[in-house]
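Undergrad: Before we start, here is the structure in question, set down as structure tokens.
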Amino acid sequence: MSTSEKAEIVVVETAPPALGHVLENAQHIERRLVRKLDMRLLPTVFVIFVMNYIDRNAVTTARLKGLEQDLGLTDLQYSIILSSLYATYCTAQIPSNMILSYIRRPSIFIGSCIVCWGLISSLTGVTQNFRGLLACRLMLGIPEAVFYPGTMFVLSSWYTKKELAFRSAILYSGLLLSNAFGSLMAAGILSGMEGKRGIRAWRWLFFIEGAITICLGFMSMWLLPDCPHNTRWMSPEERHIAQARLADDAGEADQNDKDESALYGLKLALTDYRVYVFSIMNMSQLLGLSFVNFFPTLTQTLGFSTTVTLLLAAPPWIFSSIMCCLSAWHADRTGERFFHMAGWWWGVILGFIIALSSMSIAARYISLFLMACGYCGFALTAVWVSNVISRPPSKRAAAIGLVNGIGNIGNLMGSYSWKADWGPSYHPSLAISLGALAFSTVLAIGIRTDLVRTNRRLDADEKAQLDLVDRKRVEEAARLEGITFDQAMMKRRGYRYLY
């Protein structure tokens with residue numbers, strides 16, 4: 001038997017189900033695939049993201065019940081504690097997403113990181129001084145850095161560009177609701193656990209929330225999917241359709257070429273000017289939205305007790321999560337991105353103006369609703385990046401990591417822009433945030449204008465379309481969809497950027 005004949009036998013034995021049978025039932029299989037993802041993947045990442053932000057912001061809630069006094073923290077030290085997490089959180093996102101784009105089992109990688117941050121969060125409850133708390137915050141940023149950009153990469157590996165915004169909003173609503181339910185959970189722990197077994201309530205807060213996260217981490221290793229070609233709880237037909245529909249969505253297969261390394265993907269991202277504009281826009285946006293780390297403190301300026309303050313902090317985030325999902329659903333329906341992001345920033349600016357001009361309880365509470373809705377815009381940032389920088393996957397992963405990692409420098413800067421000395425009005429803080437959102441609006445307008453011009457060039461110039469094509473990925477897309485290369489090229493020529 002010749003070598004070529006042997007190779008043919010291997011191909012037949014490992015080939016996917018008969019392509020004709022799959023294509024005949026493609027729509028039914030695709031609906032089943034999306035339904036399975038929606039029922040298993042989305043609830044899992046939603047709950048985990050709730051705990052992700054609750055664990056990250058537990059230190060701000062613990063502040064209300066004596067953390068600063070027990071550990072002898074000064075105002076500057078408390079600001080350092082808040083910002084220190086972002087020192088590791090920002091830098092770890094890029095390498096973690098590069099790793100994620102090449103490993104075979106993302107579910108194990110992400111699940112292990114969830115267990116690690118739950119353990120570190122629990123250990124925060126045993127700290128006795130500034131140094132111990134600082135060490136925990138620095139370590140916490142490393143495993144937490146994996147989750148959001150990593151999950152966004154996983155979602156973009158399964159959902160098409162017209163499905164991604166709404167699913168990402170469901171994920172991000174977990175963050176928004178964490179601000180609501182985190183406050184409610186904290187209110188129960190801080191009011192009911194004070195002095196139990198001789199332990200302060202703020203320490204119980206870290207113990208209980210960390211333990212919940214550890215359990216979720218082990219469960220996620222089974223619940224989360226891996227790659228479209230090797231997820232264990234998908235049928236062979238579903239795995240094939242998962243790959244084919246993404247190839248159809250972009251006109252290229254969603255896979256890296258054999259000679260493309262993770263570093264190659266990083267190089268592609270670093271040489272794309274849009275990545276830098278997105279990164280600076282995101283950094284400015286998060287500086288403008290950095291009030292989230294001080295939301296309980298801002299709510300406390302209304303003049304109520306600790307428990308009432310935490311309860312009042314919940315409704316703005318519940319409202320924000322609902323609006324986030326509705327906005328993203330409409331963004332998917334229309335394919336529009338800019339106004340679905342920037343419009344919410346303008347609402348935040350209005351909230352800042354109200355807070356700057358009035359100390360009335362009703363007016364300031366309304367302003368908190370407008371501020372919380374600003375995160376409806378942020379929820380679409382990684383979606384827009386995934387839509388614009390979609391291929392190859394290694395470049396998309398690096399771009400998401402860069403934009404989110406650099407962007408979170410805005411949160412780091414924001415840790416120092418809400419000084420206790422500026423309370424209870426926080427006028428300088430509000431002015432800084434207002435200016436940052438205005439600047440991010442200008443950059444978003446620039447991105448939109450650039451994409452409009454690029455689409456017009458693609459409409460007018462066929463050669464410009466061919467310059468964007470990777471022949472190997474188009475050939476793989478043709479194989480997955482059961483069409484010729486020329487037919488796949490016709491689909492690829494119809495690809496346009498969403499703006």
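Every chain in the structure tokens has a letter given in the order shown (A, B, ...), and although residue numbers restart at 1 in each chain, ligands are simply numbered from 1 in the order shown.
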Counting only C-alpha atoms, which residues of stretch 123-198 of chain A sit at most 12 Å from some atom of stretch 337-344 of chain A, and what is each one's closest atom pair with its distance in Å to one decimal, listed by chain and rising residue number, as JSON lines?
TA:
{"residue": "A:Lys161", "atom": "CA", "partner": "A:Arg337", "partner_atom": "CA", "distance": 11.4}
{"residue": "A:Lys162", "atom": "CA", "partner": "A:Arg337", "partner_atom": "CA", "distance": 11.2}
{"residue": "A:Leu164", "atom": "CA", "partner": "A:Arg337", "partner_atom": "CA", "distance": 11.9}
{"residue": "A:Ala165", "atom": "CA", "partner": "A:Arg337", "partner_atom": "CA", "distance": 9.2}
{"residue": "A:Phe166", "atom": "CA", "partner": "A:His340", "partner_atom": "CA", "distance": 11.9}
{"residue": "A:Ala169", "atom": "CA", "partner": "A:His340", "partner_atom": "CA", "distance": 11.8}
Undergrad: I need the chosen residues saved as an mmCIF file, in the first residue's frame, with C-alpha atoms.
TA:
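So the final result, stored in out-v3.cif, reads:
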data_model
loop_
_atom_site.group_PDB
_atom_site.id
_atom_site.type_symbol
_atom_site.label_atom_id
_atom_site.label_comp_id
_atom_site.auth_asym_id
_atom_site.auth_seq_id
_atom_site.Cartn_x
_atom_site.Cartn_y
_atom_site.Cartn_z
ATOM 1 C CA LYS A 161 -21.245 38.691 14.716
ATOM 2 C CA LYS A 162 -25.043 39.173 14.612
ATOM 3 C CA LEU A 164 -22.467 38.185 19.778
ATOM 4 C CA ALA A 165 -23.641 41.528 21.173
ATOM 5 C CA PHE A 166 -26.733 40.176 22.940
ATOM 6 C CA ALA A 169 -24.594 41.687 27.174
#
Undergrad: With DSSP run on the backbone, what are the alpha helix (DSSP H) residues within stretch 283-492 of chain A? I'd like them as a VMD selection string.
TA: chain A and resid 283 to 288 295 to 300 306 to 312 314 to 334 338 to 357 361 to 372 375 to 378 381 to 388 393 to 407 409 to 414 427 to 460 462 to 467 471 to 481 485 to 492
Undergrad: Excluding same-chain residues fewer than 6 positions from stretch 266-281 of chain A, what lies within 6 Å of it counting only C-alpha atoms, as a PyMOL selection string?
TA: chain A and resi 395+398-399+403+406-407+440+443
Undergrad: Mind giving me the straight-line distance from atom CA of A:Gly335 to atom CA of A:Cys376 in Å, one decimal?
TA: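 Distance reported for this atom pair: 16.1 Å.
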Undergrad: Within 10 Å of A:Glu30, counting only C-alpha atoms, which residues show up once you throw out same-chain ones fewer than 3 positions away? Write them as a VMD selection string, please.
TA: chain A and resid 25 to 27 33 to 36 237 to 242 244 to 245
Undergrad: Find, counting only C-alpha atoms, the residue in A:Thr151, A:Ser173, A:Ser284, A:Ser235 that gets nearest to A:Ser220.
TA: A:Thr151
Undergrad: Report, in Å to a single decimal, how far apart atom CA of A:Ala363 and atom CA of A:Leu430 are.
TA: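 Straight-line distance from atom CA of A:Leu430 to atom CA of A:Ala363 works out to 14.9 Å.
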Undergrad: Given the choices A:Gly66, A:Gly405, A:Gly351, A:Gly132, which gets closest to A:Ala92 if the distance is worked out from only C-alpha atoms?
TA: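 Counting only C-alpha atoms, the residue closest to A:Ala92 is A:Gly405.
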Undergrad: Calculate how many Å separate atom CA of A:Phe206 from atom CA of A:Trp117, rounding to one decimal.
TA: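 Computed distance, atom CA of A:Phe206 to atom CA of A:Trp117, equals 11.5 Å.
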Undergrad: Nearest to A:Ile99 among A:Pro149, A:Gly377, A:Gly410, A:Gly210, with distances taken over only C-alpha atoms: which residue is it?
TA: A:Pro149
Undergrad: Which residues are near A:Ala372? Cut-off 7 Å, only C-alpha atoms, ignore same chain within fewer than 2 positions. Put them as a PyMOL selection string.
TA: chain A and resi 316-317+320+368-370+374-375
Undergrad: With C-alpha atoms kept, could you save the residues just selected as a JSON list (two decimals), in the first residue's frame?
TA:
[["chain", "number", "residue", "atom", "x", "y", "z"],
["A", 316, "PRO", "CA", -29.61, 51.33, 39.68],
["A", 317, "TRP", "CA", -27.65, 48.21, 38.70],
["A", 320, "SER", "CA", -28.77, 49.00, 34.11],
["A", 368, "LEU", "CA", -26.85, 57.18, 40.13],
["A", 369, "PHE", "CA", -29.25, 55.40, 37.71],
["A", 370, "LEU", "CA", -27.82, 57.36, 34.78],
["A", 374, "GLY", "CA", -22.94, 53.87, 31.35],
["A", 375, "TYR", "CA", -21.79, 50.26, 31.54]]
Undergrad: Using only C-alpha atoms, which protein or nucleic acid residues come within 7 Å of A:Asn411? Drop anything in the same chain fewer than 3 positions from it, and give the result as a list in words.
TA: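 Here the qualifying residues turn out to be Leu286, Leu287, Ser290, Asn408, Gly414 and Ser415 of chain A.
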Undergrad: If you take only C-alpha atoms and a cut-off of 12 Å, which residues of stretch 67-134 of chain A touch stretch 41-54 of chain A, and what are their nearest atom pairs and distances in Å to one decimal, in chain and number order, as a tab-separated table?
TA:
residue	atom	partner	partner_atom	distance
A:Ser107	CA	A:Leu41	CA	10.7
A:Ile110	CA	A:Val45	CA	10.5
A:Gly111	CA	A:Ile48	CA	9.9
A:Cys113	CA	A:Asn52	CA	11.0
A:Ile114	CA	A:Ile48	CA	8.2
A:Val115	CA	A:Ile48	CA	10.9
A:Cys116	CA	A:Asn52	CA	11.6
A:Trp117	CA	A:Asn52	CA	8.5
A:Gly118	CA	A:Asn52	CA	8.7
A:Ser121	CA	A:Ile54	CA	10.0
Undergrad: Return the single residue from A:Leu412, A:Ile29, A:Leu85, A:Val388 that is closest to A:Leu138, with distances computed using only C-alpha atoms.
TA: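 Among the listed residues, the smallest separation from A:Leu138 belongs to A:Leu85.
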Undergrad: As a PyMOL selection string, please: the residues near A:Thr307 (cut-off 12 Å, only C-alpha atoms, same-chain neighbours under 5 positions excluded).
TA: chain A and resi 61+64-65+183-192+296+299-300+312-314
Undergrad: Which residue out of A:Tyr497, A:Trp329, A:Ile318, A:Gly72 has the minimum interatomic distance to A:Arg456 when only C-alpha atoms are used?
TA: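 Distance minimum relative to A:Arg456 lands on A:Tyr497.
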